[in-house]
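**Student:** Pasting in a structure now, in structure tokens, and then I'll have a few things to ask.
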Amino acid sequence: MKLIFLGPPGAGKGTLASKATDILGIPHISTGGIFRSAIATQTALGLKVKAIIDAGQLVDDNTTIELVQERLTQDDVQNGYILDGFPRTTNQAETLEQFSAVDKVINFNISDSAIIKRLQGRRVCWECGSNFHDVHHRPKVEGVCDHCLGKLGARNDDHPEAIQQRLEVYHAQTAPLVGYYRDKGYIIDLDSSVTADEVLVEFKRLLGL
């Protein structure tokens with residue numbers, strides 16, 4: 001099954017993806033993960049991305065698309081994947097269709113006010129990228145990742161002003177993808193304002209799992 005997780009930052013896409021990958025037996029592919037992997041392996045594209053990020057710039061559409069296309073040729077995606085953070089624009093969505101046809105797009109529904117409250121309590125592992133929360137998903141040991149024992153901390157872009165800016169960018173650039181995919185009959189709406197366990201139960205029900 002080839003899925004896209006579509007929703008604003010803090011909607012719970014990464015949290016659900018970490019559980020859905022085990023259930024479906026397919027990898028969770030995020031653009032951030034692709035960037036980090038390419039940089040770590042020092043591929044030609046990875047070095048290009050590192051130079052862009054080191055210069056404080058955003059990775060352009062063409063480079064992002066090229067990295068995603070390269071990632072989708074790897075063996076672990078033969079049975080499908082969960083794309084998170086891509087596509088972000090209609091242009092990226094149209095290009096994705098040229099090299100990989102998705103089955104469904106999960107649209108995470110949650111209000112901006114709920115996102116701001118949620119992200120202020122988010123803690124991220126600096127080593128593996130796993131997400132935790134001060135209220136909803138506490139680690140077993142305070143400040144330590146359950147998965148790799150890495151150190152947890154707040155992301156710089158999880159401060160209120162940065163969150164608001166990210167939401168504005170999402171609504172301007174990425175939210176139109178909901179209409180784009182709804183017109184194609186791919187959208188499945190998921191209420192992600194509830195707890196992570198409730199989201200998982202509803203996700204499984206919607207997919208008939």
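Every chain in the structure tokens takes a letter, A first, then B, and so on in the order presented; its residues are numbered from 1, and the ligands are numbered from 1 following the presented order.
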Which residues are close to Gly32 of chain A, i.e. within 9 Å by only C-alpha atoms, leaving aside same-chain residues fewer than 4 positions away? Reply as a count of residues only.

**Tutor:** 3

**Student:** With only C-alpha atoms as the counted atoms, please give the residues lying no more than 12 Å from Thr174 of chain A, apart from itself and same-chain residues fewer than 2 positions off, as a compact mmCIF listing (two decimals) with C-alpha atoms, in the first residue's frame.

**Tutor:**
```txt
# COMPACT_ATOMS: atom_id res chain seq x y z
CA PHE A 5 0.26 11.40 5.18
CA LEU A 6 -0.96 14.95 4.61
CA GLY A 7 -1.46 17.49 7.36
CA PRO A 8 0.00 20.50 9.15
CA PRO A 9 3.11 20.31 11.34
CA GLY A 85 6.40 15.72 4.20
CA PHE A 86 6.22 15.04 0.47
CA PRO A 87 4.60 16.23 -1.67
CA ARG A 88 4.32 19.75 -0.25
CA THR A 89 3.11 21.49 -3.40
CA THR A 90 0.88 20.68 -6.35
CA ASN A 91 3.97 20.70 -8.56
CA GLN A 92 5.57 18.00 -6.41
CA ALA A 93 2.33 15.98 -6.43
CA ASN A 107 -5.69 13.85 5.58
CA ARG A 166 5.01 27.16 9.78
CA LEU A 167 1.21 26.94 9.89
CA GLU A 168 0.91 29.95 7.60
CA VAL A 169 3.30 28.33 5.11
CA TYR A 170 1.34 25.07 5.31
CA HIS A 171 -2.01 26.74 4.65
CA ALA A 172 -0.57 28.71 1.73
CA PRO A 176 -4.36 23.07 -1.47
CA LEU A 177 -3.18 19.47 -1.93
CA VAL A 178 -6.23 18.34 0.03
CA GLY A 179 -8.49 19.60 -2.74
CA TYR A 180 -6.15 18.27 -5.41
CA TYR A 181 -6.23 14.73 -4.03
```

**Student:** Just how far from atom CA of Cys125 of chain A is atom CA of Lys151 of chain A, in Å to one decimal?

**Tutor:**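 These atoms are spaced 5.7 Å apart.
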
**Student:** Write down as a PyMOL selection string the residues of chain A whose backbone DSSP state falls under alpha helix (DSSP H).

**Tutor:** chain A and resi 13-24+31-41+44-54+61-71+90-99+112-119+160-169+176-183+196-206

**Student:** Which is closer to Phe132 of chain A than all the others in A:Ile4, A:Ser18, A:Val77, A:Tyr186, using only C-alpha atoms?

**Tutor:** A:Ser18

**Student:** With only C-alpha atoms as the atoms that count, which of A:Leu149, A:Cys128, A:Val105, A:Ile115 lies nearest to Asp189 of chain A?

**Tutor:** A:Val105

**Student:** Can you pull out every residue within 12 Å of Asp75 of chain A, counting only C-alpha atoms, but drop anything in the same chain fewer than 6 positions away, and send it as a list in words?

**Tutor:** Ile26, Pro27 and Tyr81 of chain A

**Student:** Okay, now the selection with C-alpha atoms, as a PDB file, in the first residue's frame?

**Tutor:**
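Now in again.pdb:
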```pdb
ATOM      1  CA  ILE A  26       6.136  -0.698   4.822  1.00  0.00           C
ATOM      2  CA  PRO A  27       8.708   2.049   5.520  1.00  0.00           C
ATOM      3  CA  TYR A  81       5.462   3.182   1.711  1.00  0.00           C
TER       4      TYR A  81
END
```

**Student:** Based on DSSP run over this structure's backbone, return all residues of segment 2-184 of chain A in strand (DSSP E or B), as number ranges by chain.

**Tutor:** A: 2-6, 28-30, 81-84, 104-109, 122-125, 131-133, 137, 141, 144, 151-153
